[in-house]
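Structure file query_33.txt (compact mmCIF, C-alpha atoms) is printed below.
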# COMPACT_ATOMS: atom_id res chain seq x y z
CA MET A 1 -10.96 -1.46 0.38
CA PRO A 2 -7.74 -0.69 2.23
CA THR A 3 -6.47 2.56 0.81
CA LEU A 4 -5.84 5.71 2.78
CA ALA A 5 -9.09 7.40 3.86
CA GLN A 6 -7.62 10.90 3.41
CA PRO A 7 -4.46 12.13 1.71
CA TRP A 8 -1.69 12.87 4.20
CA PRO A 9 -1.63 16.53 5.20
CA ILE A 10 1.53 18.37 4.11
CA VAL A 11 2.78 20.20 7.18
CA ARG A 12 5.85 22.32 6.35
CA GLN A 13 7.66 21.70 9.61
CA ARG A 14 7.13 17.94 9.50
CA THR A 15 7.59 16.92 5.87
CA ALA A 16 10.75 16.06 3.92
CA LEU A 17 11.45 15.11 0.33
CA ILE A 18 13.51 11.95 -0.25
CA ILE A 19 15.18 11.70 -3.66
CA VAL A 20 16.41 8.15 -4.18
CA ASP A 21 19.55 7.31 -6.17
CA MET A 22 19.35 9.88 -8.98
CA GLN A 23 23.01 9.15 -9.66
CA ARG A 24 24.89 9.19 -12.95
CA VAL A 25 25.32 5.41 -12.86
CA PHE A 26 21.54 4.90 -13.00
CA CYS A 27 20.44 8.01 -14.91
CA GLU A 28 22.94 8.57 -17.73
CA PRO A 29 22.94 6.44 -20.89
CA ASP A 30 26.60 5.47 -20.39
CA GLY A 31 25.99 4.51 -16.74
CA ALA A 32 26.75 0.88 -15.92
CA LEU A 33 23.27 0.41 -14.43
CA TYR A 34 21.33 2.82 -16.66
CA VAL A 35 17.55 2.86 -16.17
CA PRO A 36 16.02 4.51 -19.27
CA SER A 37 12.83 5.59 -17.55
CA THR A 38 14.81 7.85 -15.20
CA ASP A 39 14.77 10.41 -18.05
CA ALA A 40 11.07 10.99 -17.48
CA VAL A 41 11.32 11.59 -13.73
CA VAL A 42 14.02 14.30 -13.74
CA ALA A 43 11.65 17.20 -14.44
CA PRO A 44 9.03 16.10 -11.88
CA ILE A 45 11.77 15.67 -9.26
CA GLN A 46 13.18 19.14 -10.04
CA ALA A 47 9.70 20.60 -9.53
CA LEU A 48 9.21 18.73 -6.24
CA ALA A 49 12.63 19.78 -4.95
CA ASP A 50 12.08 23.43 -5.88
CA ALA A 51 8.64 23.45 -4.26
CA CYS A 52 9.98 21.88 -1.05
CA ARG A 53 12.97 24.25 -0.86
CA ALA A 54 10.63 27.22 -1.29
CA GLN A 55 8.75 25.99 1.77
CA SER A 56 11.96 25.29 3.75
CA MET A 57 11.18 21.58 3.82
CA PRO A 58 14.29 19.37 3.91
CA VAL A 59 15.38 17.96 0.55
CA ILE A 60 17.29 14.75 1.19
CA TYR A 61 19.22 12.88 -1.48
CA LEU A 62 20.10 9.21 -1.12
CA ARG A 63 23.16 7.88 -2.94
CA HIS A 64 24.15 4.23 -3.25
CA VAL A 65 27.91 4.34 -2.57
CA LEU A 66 30.39 1.61 -1.56
CA ARG A 67 33.94 1.64 -0.24
CA GLY A 68 35.05 -0.11 -3.41
CA ASP A 69 37.24 -2.70 -1.68
CA GLY A 70 34.52 -5.33 -1.26
CA ARG A 71 34.21 -4.82 2.49
CA ASP A 72 30.69 -3.41 2.46
CA SER A 73 28.96 -4.59 -0.71
CA GLY A 74 27.27 -7.44 1.15
CA ARG A 75 24.73 -9.60 -0.60
CA MET A 76 24.39 -7.22 -3.53
CA ARG A 77 27.67 -8.51 -4.94
CA ASP A 78 26.11 -11.99 -5.32
CA LEU A 79 23.89 -10.51 -8.02
CA TYR A 80 26.02 -7.63 -9.29
CA PRO A 81 29.61 -8.96 -9.29
CA ASP A 82 31.02 -5.61 -10.45
CA VAL A 83 29.19 -3.54 -7.84
CA ASP A 84 32.39 -2.69 -5.95
CA SER A 85 33.72 -0.75 -8.93
CA VAL A 86 30.42 0.49 -10.33
CA LEU A 87 29.32 2.07 -7.04
CA ALA A 88 32.76 2.84 -5.59
CA ARG A 89 32.97 6.14 -3.74
CA ASP A 90 35.82 7.29 -5.98
CA ASN A 91 33.90 6.51 -9.17
CA PRO A 92 32.42 9.82 -10.47
CA GLN A 93 29.37 7.84 -11.63
CA VAL A 94 28.06 7.73 -8.05
CA ASN A 95 27.47 11.50 -8.11
CA ILE A 96 24.00 13.00 -8.42
CA ILE A 97 23.22 14.01 -12.01
CA ASP A 98 23.87 17.64 -12.94
CA ALA A 99 20.17 18.37 -13.51
CA LEU A 100 19.48 17.60 -9.84
CA THR A 101 22.67 18.86 -8.18
CA PRO A 102 21.99 19.36 -4.46
CA LYS A 103 21.70 22.99 -3.42
CA ALA A 104 22.86 24.75 -0.26
CA GLY A 105 20.91 23.36 2.68
CA ASP A 106 20.04 20.06 1.01
CA VAL A 107 21.15 16.85 2.71
CA VAL A 108 22.99 13.93 1.08
CA VAL A 109 22.81 10.52 2.78
CA ASP A 110 25.09 7.80 1.42
CA LYS A 111 23.79 4.26 1.85
CA LEU A 112 25.32 0.83 1.42
CA PHE A 113 22.41 -1.07 0.03
CA TYR A 114 18.90 -0.56 -1.29
CA SER A 115 17.31 0.93 1.85
CA GLY A 116 18.01 4.53 2.79
CA PHE A 117 17.58 3.58 6.46
CA HIS A 118 19.93 0.59 6.63
CA ASN A 119 23.02 1.57 8.65
CA THR A 120 22.74 5.26 7.75
CA ASP A 121 21.95 8.44 9.66
CA LEU A 122 18.72 9.06 7.73
CA ASP A 123 16.42 8.27 10.66
CA THR A 124 18.50 10.50 12.95
CA VAL A 125 18.37 13.39 10.47
CA LEU A 126 14.61 13.04 10.09
CA ARG A 127 13.97 12.81 13.85
CA ALA A 128 16.26 15.77 14.49
CA HIS A 129 14.02 17.79 12.18
CA ASP A 130 10.86 16.34 13.77
CA VAL A 131 9.81 15.00 10.36
CA ASP A 132 6.92 12.53 10.32
CA THR A 133 5.93 12.63 6.64
CA LEU A 134 8.10 11.66 3.66
CA ILE A 135 7.57 12.39 -0.01
CA VAL A 136 9.48 9.74 -1.97
CA CYS A 137 10.73 9.94 -5.55
CA GLY A 138 13.69 8.60 -7.55
CA THR A 139 14.84 5.24 -8.87
CA VAL A 140 14.20 2.36 -9.12
CA THR A 141 10.60 2.13 -7.97
CA ASN A 142 10.57 -1.51 -6.87
CA VAL A 143 14.05 -1.79 -5.37
CA CYS A 144 15.68 1.22 -3.67
CA CYS A 145 12.52 3.34 -3.52
CA ASP A 146 10.42 0.36 -2.41
CA THR A 147 12.85 -0.87 0.24
CA THR A 148 13.24 2.66 1.62
CA ILE A 149 9.46 3.11 1.67
CA ARG A 150 8.90 -0.17 3.53
CA ASP A 151 11.56 0.76 6.09
CA ALA A 152 10.06 4.24 6.50
CA VAL A 153 6.54 2.92 7.11
CA HIS A 154 7.88 0.38 9.64
CA ARG A 155 9.48 3.35 11.44
CA GLU A 156 6.05 5.08 11.61
CA TYR A 157 6.66 7.65 8.88
CA LYS A 158 3.67 8.65 6.74
CA VAL A 159 4.82 8.12 3.17
CA ILE A 160 3.62 9.79 -0.02
CA VAL A 161 4.90 8.07 -3.16
CA VAL A 162 4.88 10.23 -6.29
CA SER A 163 3.62 8.08 -9.15
CA ASP A 164 5.23 10.06 -11.98
CA ALA A 165 8.49 10.74 -10.13
CA ASN A 166 9.58 7.14 -9.45
CA ALA A 167 11.27 5.25 -12.29
CA ALA A 168 11.09 1.49 -12.80
CA MET A 169 13.18 -0.82 -14.98
CA PRO A 170 12.20 -3.83 -17.10
CA TYR A 171 13.40 -7.37 -16.37
CA PRO A 172 14.23 -10.26 -18.69
CA ASP A 173 12.47 -13.61 -18.36
CA LEU A 174 14.00 -15.24 -15.27
CA GLY A 175 11.62 -18.18 -15.41
CA PHE A 176 8.41 -16.30 -14.76
CA GLY A 177 8.03 -14.34 -18.02
CA ALA A 178 9.62 -11.05 -19.11
CA VAL A 179 8.43 -8.01 -17.14
CA SER A 180 8.10 -4.53 -18.63
CA ALA A 181 8.93 -1.38 -16.67
CA ALA A 182 5.25 -0.41 -16.92
CA GLU A 183 4.21 -3.72 -15.35
CA VAL A 184 6.69 -3.30 -12.50
CA GLN A 185 5.45 0.26 -11.95
CA LYS A 186 1.80 -0.84 -11.88
CA VAL A 187 2.37 -3.63 -9.35
CA ALA A 188 4.68 -1.54 -7.15
CA LEU A 189 2.42 1.55 -7.04
CA THR A 190 -0.65 -0.59 -6.39
CA THR A 191 1.12 -2.39 -3.55
CA PHE A 192 2.23 0.93 -2.02
CA ALA A 193 -1.31 2.33 -2.22
CA TYR A 194 -2.94 -0.76 -0.74
CA GLU A 195 -0.38 -1.73 1.90
CA PHE A 196 1.93 1.17 2.76
CA GLY A 197 0.62 4.71 2.31
CA GLU A 198 -0.43 7.37 -0.17
CA VAL A 199 0.36 7.29 -3.88
CA THR A 200 -0.37 10.38 -5.92
CA ALA A 201 0.84 12.37 -8.95
CA SER A 202 2.93 15.54 -9.00
CA ALA A 203 -0.01 17.50 -10.40
CA ASP A 204 -1.92 16.75 -7.20
CA LEU A 205 1.00 17.05 -4.83
CA LEU A 206 2.75 20.23 -5.98
CA PRO A 207 -0.14 22.56 -5.08
CA ARG A 208 -0.44 20.81 -1.71
CA ILE A 209 3.26 21.50 -1.05
CA ARG A 210 2.95 25.12 -2.15
CA GLN A 211 -0.09 25.64 0.06
CA ALA A 212 1.43 23.85 3.05
CA PHE A 213 1.21 25.72 6.31
CA MET B 1 22.48 -10.59 -16.28
CA PRO B 2 22.39 -10.24 -12.52
CA THR B 3 21.07 -13.48 -11.18
CA LEU B 4 22.88 -15.72 -8.74
CA ALA B 5 25.82 -17.53 -10.38
CA GLN B 6 25.25 -20.69 -8.33
CA PRO B 7 22.32 -21.86 -6.17
CA TRP B 8 23.00 -21.31 -2.48
CA PRO B 9 24.40 -24.44 -0.82
CA ILE B 10 22.11 -25.94 1.81
CA VAL B 11 24.26 -26.52 4.88
CA ARG B 12 22.28 -28.24 7.64
CA GLN B 13 23.87 -26.35 10.51
CA ARG B 14 23.43 -22.95 8.88
CA THR B 15 20.01 -23.04 7.21
CA ALA B 16 16.55 -22.29 8.60
CA LEU B 17 13.04 -22.37 7.15
CA ILE B 18 10.93 -19.23 7.61
CA ILE B 19 7.17 -19.76 7.26
CA VAL B 20 5.47 -16.37 6.93
CA ASP B 21 1.98 -15.67 8.31
CA MET B 22 0.23 -18.97 7.57
CA GLN B 23 -2.46 -17.88 10.03
CA ARG B 24 -6.17 -18.59 9.99
CA VAL B 25 -6.99 -14.94 9.23
CA PHE B 26 -5.13 -15.15 5.92
CA CYS B 27 -5.58 -18.84 5.03
CA GLU B 28 -9.16 -19.79 5.91
CA PRO B 29 -12.11 -18.75 3.74
CA ASP B 30 -13.84 -17.08 6.70
CA GLY B 31 -10.68 -15.18 7.65
CA ALA B 32 -11.04 -11.39 7.56
CA LEU B 33 -8.00 -11.08 5.28
CA TYR B 34 -8.38 -14.34 3.34
CA VAL B 35 -5.91 -14.87 0.48
CA PRO B 36 -7.35 -17.62 -1.76
CA SER B 37 -4.00 -18.67 -3.23
CA THR B 38 -2.78 -19.72 0.21
CA ASP B 39 -4.65 -23.00 -0.41
CA ALA B 40 -2.06 -23.99 -3.00
CA VAL B 41 0.97 -23.38 -0.80
CA VAL B 42 -0.04 -25.46 2.23
CA ALA B 43 1.16 -28.79 0.84
CA PRO B 44 4.51 -27.42 -0.42
CA ILE B 45 5.10 -25.75 2.97
CA GLN B 46 4.27 -28.99 4.80
CA ALA B 47 6.83 -30.80 2.63
CA LEU B 48 9.48 -28.13 3.25
CA ALA B 49 8.87 -28.16 7.00
CA ASP B 50 9.02 -31.95 7.21
CA ALA B 51 12.22 -32.05 5.17
CA CYS B 52 13.86 -29.38 7.34
CA ARG B 53 12.79 -31.04 10.61
CA ALA B 54 14.22 -34.36 9.39
CA GLN B 55 17.55 -32.57 8.95
CA SER B 56 17.31 -30.79 12.32
CA MET B 57 17.17 -27.41 10.59
CA PRO B 58 15.17 -24.79 12.53
CA VAL B 59 11.58 -24.31 11.37
CA ILE B 60 10.52 -20.78 12.27
CA TYR B 61 6.96 -19.51 11.99
CA LEU B 62 6.16 -15.81 11.77
CA ARG B 63 2.77 -14.60 13.00
CA HIS B 64 1.36 -11.10 12.57
CA VAL B 65 -0.12 -10.36 16.00
CA LEU B 66 -1.09 -7.09 17.70
CA ARG B 67 -1.92 -6.12 21.26
CA GLY B 68 -5.42 -5.25 20.12
CA ASP B 69 -5.62 -1.94 21.96
CA GLY B 70 -4.25 0.20 19.12
CA ARG B 71 -0.90 0.83 20.83
CA ASP B 72 1.21 -1.11 18.35
CA SER B 73 -0.66 -1.25 15.05
CA GLY B 74 1.33 1.68 13.66
CA ARG B 75 0.90 2.76 10.08
CA MET B 76 -0.94 -0.42 9.12
CA ARG B 77 -4.10 0.92 10.74
CA ASP B 78 -4.15 3.79 8.21
CA LEU B 79 -4.91 1.23 5.54
CA TYR B 80 -6.64 -1.49 7.55
CA PRO B 81 -8.81 0.35 10.11
CA ASP B 82 -9.95 -2.93 11.73
CA VAL B 83 -6.47 -4.38 12.12
CA ASP B 84 -6.50 -4.05 15.91
CA SER B 85 -9.35 -6.53 16.15
CA VAL B 86 -8.51 -8.69 13.15
CA LEU B 87 -4.93 -9.38 14.31
CA ALA B 88 -5.49 -9.06 18.08
CA ARG B 89 -3.52 -11.55 20.13
CA ASP B 90 -6.71 -12.85 21.76
CA ASN B 91 -8.41 -13.41 18.41
CA PRO B 92 -8.12 -17.15 17.57
CA GLN B 93 -7.77 -16.16 13.90
CA VAL B 94 -4.12 -15.20 14.52
CA ASN B 95 -3.21 -18.83 15.15
CA ILE B 96 -1.34 -20.93 12.60
CA ILE B 97 -3.68 -23.11 10.54
CA ASP B 98 -4.17 -26.68 11.73
CA ALA B 99 -2.51 -28.16 8.64
CA LEU B 100 0.74 -26.44 9.60
CA THR B 101 0.58 -26.56 13.41
CA PRO B 102 4.10 -26.02 14.79
CA LYS B 103 5.72 -29.16 16.15
CA ALA B 104 7.98 -29.66 19.18
CA GLY B 105 11.23 -27.79 18.58
CA ASP B 106 9.77 -25.36 16.06
CA VAL B 107 10.02 -21.63 16.81
CA VAL B 108 7.19 -19.08 16.64
CA VAL B 109 8.11 -15.40 16.26
CA ASP B 110 5.30 -12.87 16.66
CA LYS B 111 5.77 -9.65 14.71
CA LEU B 112 3.99 -6.30 14.72
CA PHE B 113 4.10 -5.44 11.07
CA TYR B 114 5.01 -6.92 7.71
CA SER B 115 8.71 -7.62 8.38
CA GLY B 116 9.71 -10.58 10.50
CA PHE B 117 12.80 -8.65 11.63
CA HIS B 118 11.15 -5.39 12.73
CA ASN B 119 11.30 -5.19 16.54
CA THR B 120 11.33 -8.97 17.01
CA ASP B 121 13.88 -11.50 18.23
CA LEU B 122 14.16 -13.22 14.84
CA ASP B 123 17.68 -11.98 14.12
CA THR B 124 18.80 -13.02 17.61
CA VAL B 125 17.33 -16.50 17.20
CA LEU B 126 19.01 -16.92 13.82
CA ARG B 127 22.40 -15.67 15.03
CA ALA B 128 22.19 -17.86 18.12
CA HIS B 129 21.84 -20.83 15.79
CA ASP B 130 24.63 -19.53 13.51
CA VAL B 131 22.18 -19.49 10.61
CA ASP B 132 23.29 -17.68 7.46
CA THR B 133 20.82 -19.06 4.91
CA LEU B 134 17.03 -18.68 4.97
CA ILE B 135 14.42 -20.57 2.98
CA VAL B 136 11.32 -18.36 2.79
CA CYS B 137 7.73 -19.43 2.16
CA GLY B 138 4.27 -18.29 3.22
CA THR B 139 1.98 -15.35 2.50
CA VAL B 140 1.64 -12.83 0.99
CA THR B 141 4.50 -12.87 -1.49
CA ASN B 142 4.81 -9.12 -2.09
CA VAL B 143 4.10 -7.82 1.40
CA CYS B 144 5.11 -9.84 4.46
CA CYS B 145 7.32 -12.33 2.58
CA ASP B 146 8.87 -9.55 0.48
CA THR B 147 9.52 -7.17 3.39
CA THR B 148 11.03 -10.01 5.45
CA ILE B 149 13.21 -11.05 2.50
CA ARG B 150 14.48 -7.49 1.94
CA ASP B 151 15.30 -7.14 5.64
CA ALA B 152 17.05 -10.53 5.66
CA VAL B 153 19.24 -9.70 2.66
CA HIS B 154 20.15 -6.33 4.20
CA ARG B 155 21.27 -8.30 7.29
CA GLU B 156 23.56 -10.43 5.07
CA TYR B 157 21.43 -13.58 5.04
CA LYS B 158 21.46 -15.68 1.87
CA VAL B 159 17.81 -16.07 0.94
CA ILE B 160 16.12 -18.81 -1.06
CA VAL B 161 12.55 -17.94 -2.05
CA VAL B 162 10.35 -20.93 -2.92
CA SER B 163 8.34 -19.98 -5.99
CA ASP B 164 5.46 -22.44 -5.44
CA ALA B 165 5.32 -21.96 -1.65
CA ASN B 166 4.70 -18.20 -1.53
CA ALA B 167 1.11 -17.01 -2.07
CA ALA B 168 0.15 -13.66 -3.62
CA MET B 169 -3.16 -11.80 -3.66
CA PRO B 170 -4.89 -9.79 -6.40
CA TYR B 171 -5.53 -6.04 -6.13
CA PRO B 172 -8.38 -3.90 -7.45
CA ASP B 173 -7.71 -0.95 -9.75
CA LEU B 174 -6.29 1.77 -7.51
CA GLY B 175 -5.62 4.08 -10.44
CA PHE B 176 -3.01 1.97 -12.19
CA GLY B 177 -5.15 -0.92 -13.47
CA ALA B 178 -6.34 -4.07 -11.69
CA VAL B 179 -3.57 -6.52 -10.80
CA SER B 180 -4.03 -10.29 -10.71
CA ALA B 181 -2.36 -12.51 -8.13
CA ALA B 182 -0.38 -14.10 -10.99
CA GLU B 183 0.91 -10.71 -12.09
CA VAL B 184 1.98 -9.82 -8.55
CA GLN B 185 3.71 -13.19 -8.22
CA LYS B 186 5.56 -12.76 -11.52
CA VAL B 187 6.87 -9.28 -10.68
CA ALA B 188 7.77 -10.19 -7.10
CA LEU B 189 9.61 -13.43 -7.96
CA THR B 190 11.46 -11.74 -10.82
CA THR B 191 12.52 -8.88 -8.53
CA PHE B 192 13.73 -11.36 -5.88
CA ALA B 193 15.74 -13.33 -8.45
CA TYR B 194 17.32 -10.23 -10.03
CA GLU B 195 17.92 -8.11 -6.95
CA PHE B 196 17.87 -10.18 -3.75
CA GLY B 197 18.82 -13.85 -3.98
CA GLU B 198 17.79 -17.28 -5.21
CA VAL B 199 14.30 -18.21 -6.38
CA THR B 200 13.54 -21.85 -7.01
CA ALA B 201 10.74 -24.41 -6.87
CA SER B 202 10.08 -27.04 -4.22
CA ALA B 203 10.88 -29.80 -6.72
CA ASP B 204 14.43 -28.46 -6.97
CA LEU B 205 14.83 -27.51 -3.32
CA LEU B 206 13.46 -30.56 -1.48
CA PRO B 207 16.18 -32.96 -2.72
CA ARG B 208 18.81 -30.34 -1.86
CA ILE B 209 17.45 -30.15 1.69
CA ARG B 210 17.33 -33.95 2.01
CA GLN B 211 20.90 -34.27 0.74
CA ALA B 212 22.22 -31.42 2.89
CA PHE B 213 25.37 -32.23 4.84

Please express what this file holds, its structure, as structure tokens.
Amino acid sequence: MPTLAQPWPIVRQRTALIIVDMQRVFCEPDGALYVPSTDAVVAPIQALADACRAQSMPVIYLRHVLRGDGRDSGRMRDLYPDVDSVLARDNPQVNIIDALTPKAGDVVVDKLFYSGFHNTDLDTVLRAHDVDTLIVCGTVTNVCCDTTIRDAVHREYKVIVVSDANAAMPYPDLGFGAVSAAEVQKVALTTFAYEFGEVTASADLLPRIRQAF
Amino acid sequence: MPTLAQPWPIVRQRTALIIVDMQRVFCEPDGALYVPSTDAVVAPIQALADACRAQSMPVIYLRHVLRGDGRDSGRMRDLYPDVDSVLARDNPQVNIIDALTPKAGDVVVDKLFYSGFHNTDLDTVLRAHDVDTLIVCGTVTNVCCDTTIRDAVHREYKVIVVSDANAAMPYPDLGFGAVSAAEVQKVALTTFAYEFGEVTASADLLPRIRQAF
């Protein structure tokens, strides 16, 4: 069946960590778009980031940030009418949470929409570092992580999705039945593994990063 | 909750139908990548296409087609090692099924990967026709339809996903539990409705197309 024949090799000079949208707005209980399951991915993401920094692999944060004046919120505003204030660049809620504050040498890429590649310099940064393999973690699994993963694979990047370091959210019944966060996670991770790249857990990946050559 | 406040208006001059990958390889029982639930979407897609043609709205078919020599199969070959033969341009299986054969005036866009926008002329064709609204149907819901929908919404198109005209496939247990086609469909349609645009059924949409001004 179509899953990857071998795990992707972790080559220090060619691998980067992408941390998607671990912003206060999504990760703190008083955030306007709080995703409760982000709590569980903070520690795994810290471990991944520390392991990558120790190997001099780029650690790249994505942030979803808008002008705030309605000029660049695009189609997202159809569904989130308050997005121009909630994700405004002058709203402190768009900052990365304290537990994952970027360190010297890390890269922050601000994006307008769900994909980290859409109208950003992410692809340029990755090519400039000769990166061909991306480790993806963050929130939410099936929206910003998923859209970034699909765009990465279409751009020929080898993608490794970390199963315990991507957080999903539940959905109410929109006519098709209520969906739990666990159900979203199961379908999204299965789709990644079958159609897009490698999916593995931190416990498998961390030693591979530490042993990377 | 974040769903669309109003259904998208169907404006004849600004709306196109996108039919994703209704090719023999995916839709016929002897196809190498047969998706059984495609059987159920053929009649709804025929009805949508006929209604759009009657209103002179563009009917645009996507086909997943490769050179066949391995030069352009990209990351898909990691997961589908036989993709260069299965989707080769000289393999008759890449043709649209007889029941949905394109008619005079329809447009066929060949694509290399899951997204209809990735390195194709789809965006150019749509802009040349001043289209800003897309009705999306075809197969499979969570891969080629989904990736095309995400790319469309990022390009500012208003997207209407037809719930009974997109076909999903089941997945085996890849470490997260087996996933039925119904479960994939539920999660994908819910995600579209909450995060990307409008989701509705043919029974609602066909009269809106026929009454479009």

| Counting all atoms listed in the file, chain A residues within 7 Å of chain B, as a list of chain:residue names |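 Output check: A:Pro2, A:Thr3, A:Leu4, A:Gly74, A:Arg75, A:Asp78, A:Leu79, A:Tyr80, A:Val153, A:Glu156, A:Leu174, A:Phe176, A:Val179, A:Val184, A:Lys186, A:Val187, A:Thr190, A:Tyr194, A:Glu195.
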
| field | Surrounding residues of Asp110 in chain B excluding itself and chain neighbours under 2 positions, 12 Å, all atoms listed in the file, as a PyMOL selection string | value | chain B and resi 19-21+23+60-67+87-89+94-96+107-108+112-122

Kindly export the residues of the current selection with C-alpha atoms, as a CSV table (one decimal), keeping the file's coordinate frame.
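Final output, result.csv:
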chain,number,residue,atom,x,y,z
B,19,ILE,CA,7.2,-19.8,7.3
B,20,VAL,CA,5.5,-16.4,6.9
B,21,ASP,CA,2.0,-15.7,8.3
B,23,GLN,CA,-2.5,-17.9,10.0
B,60,ILE,CA,10.5,-20.8,12.3
B,61,TYR,CA,7.0,-19.5,12.0
B,62,LEU,CA,6.2,-15.8,11.8
B,63,ARG,CA,2.8,-14.6,13.0
B,64,HIS,CA,1.4,-11.1,12.6
B,65,VAL,CA,-0.1,-10.4,16.0
B,66,LEU,CA,-1.1,-7.1,17.7
B,67,ARG,CA,-1.9,-6.1,21.3
B,87,LEU,CA,-4.9,-9.4,14.3
B,88,ALA,CA,-5.5,-9.1,18.1
B,89,ARG,CA,-3.5,-11.6,20.1
B,94,VAL,CA,-4.1,-15.2,14.5
B,95,ASN,CA,-3.2,-18.8,15.2
B,96,ILE,CA,-1.3,-20.9,12.6
B,107,VAL,CA,10.0,-21.6,16.8
B,108,VAL,CA,7.2,-19.1,16.6
B,112,LEU,CA,4.0,-6.3,14.7
B,113,PHE,CA,4.1,-5.4,11.1
B,114,TYR,CA,5.0,-6.9,7.7
B,115,SER,CA,8.7,-7.6,8.4
B,116,GLY,CA,9.7,-10.6,10.5
B,117,PHE,CA,12.8,-8.6,11.6
B,118,HIS,CA,11.2,-5.4,12.7
B,119,ASN,CA,11.3,-5.2,16.5
B,120,THR,CA,11.3,-9.0,17.0
B,121,ASP,CA,13.9,-11.5,18.2
B,122,LEU,CA,14.2,-13.2,14.8

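A straight line drawn from CA of Asp98 in chain A to CA of Val83 in chain A is 22.4 Å long.
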
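Remark: for Leu17 in chain B, the closest of the candidate residues B:Val59, B:Leu100, B:Ala43, B:Val109 is B:Val59 (distances computed over all atoms listed in the file).
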
| Which is closest to Ser85 in chain A among A:Val25, A:Ala203, A:Leu126, A:Val162, if we use all atoms listed in the file? |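 So, comparing all the options, the nearest one is A:Val25.
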
With 5 Å on each side, where is the centre of the axis-aligned box around all listed atoms of range 62-75 of chain B, and how long are its edges in Å to one decimal, as AutoDock Vina command-line options?
--center_x 0.3 --center_y -6.5 --center_z 16.0 --size_x 21.8 --size_y 28.6 --size_z 21.9

| Å distance separating CA of Asp82 in chain B from CA of Cys137 in chain B, one decimal place | 26.0 Å

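Comparing A:Gly68, A:Pro36, A:Pro29, A:Gly138 by their smallest distance to Val86 in chain A, the closest is A:Gly68 (using all atoms listed in the file).
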
| field | Two-atom distance - CA of Thr38 in chain A, CA of Val125 in chain A (Å) | value | 26.5 Å

Reconstructed N, CA and C atoms for range 27-39 of chain A, given as an mmCIF file, in the coordinates of the input:
data_model
loop_
_atom_site.group_PDB
_atom_site.id
_atom_site.type_symbol
_atom_site.label_atom_id
_atom_site.label_comp_id
_atom_site.auth_asym_id
_atom_site.auth_seq_id
_atom_site.Cartn_x
_atom_site.Cartn_y
_atom_site.Cartn_z
ATOM 1 N N CYS A 27 21.243 7.034 -14.164
ATOM 2 C CA CYS A 27 20.440 8.010 -14.910
ATOM 3 C C CYS A 27 21.062 8.460 -16.229
ATOM 4 N N GLU A 28 22.316 8.124 -16.478
ATOM 5 C CA GLU A 28 22.940 8.570 -17.730
ATOM 6 C C GLU A 28 23.128 7.364 -18.651
ATOM 7 N N PRO A 29 22.917 7.573 -19.950
ATOM 8 C CA PRO A 29 22.940 6.440 -20.890
ATOM 9 C C PRO A 29 24.237 5.628 -20.851
ATOM 10 N N ASP A 30 25.353 6.249 -20.469
ATOM 11 C CA ASP A 30 26.600 5.470 -20.390
ATOM 12 C C ASP A 30 26.828 4.909 -18.978
ATOM 13 N N GLY A 31 25.869 5.070 -18.090
ATOM 14 C CA GLY A 31 25.990 4.510 -16.740
ATOM 15 C C GLY A 31 25.912 2.997 -16.781
ATOM 16 N N ALA A 32 26.674 2.350 -15.914
ATOM 17 C CA ALA A 32 26.750 0.880 -15.920
ATOM 18 C C ALA A 32 25.405 0.241 -15.570
ATOM 19 N N LEU A 33 24.570 0.956 -14.841
ATOM 20 C CA LEU A 33 23.270 0.410 -14.430
ATOM 21 C C LEU A 33 22.147 1.350 -14.876
ATOM 22 N N TYR A 34 22.263 1.826 -16.114
ATOM 23 C CA TYR A 34 21.330 2.820 -16.660
ATOM 24 C C TYR A 34 19.883 2.319 -16.669
ATOM 25 N N VAL A 35 18.993 3.139 -16.182
ATOM 26 C CA VAL A 35 17.550 2.860 -16.170
ATOM 27 C C VAL A 35 16.889 3.904 -17.082
ATOM 28 N N PRO A 36 16.513 3.511 -18.303
ATOM 29 C CA PRO A 36 16.020 4.510 -19.270
ATOM 30 C C PRO A 36 14.879 5.370 -18.754
ATOM 31 N N SER A 37 13.987 4.803 -17.961
ATOM 32 C CA SER A 37 12.830 5.590 -17.550
ATOM 33 C C SER A 37 13.174 6.679 -16.526
ATOM 34 N N THR A 38 14.433 6.734 -16.079
ATOM 35 C CA THR A 38 14.810 7.850 -15.200
ATOM 36 C C THR A 38 14.703 9.187 -15.938
ATOM 37 N N ASP A 39 14.877 9.165 -17.275
ATOM 38 C CA ASP A 39 14.770 10.410 -18.050
ATOM 39 C C ASP A 39 13.470 11.149 -17.733
#
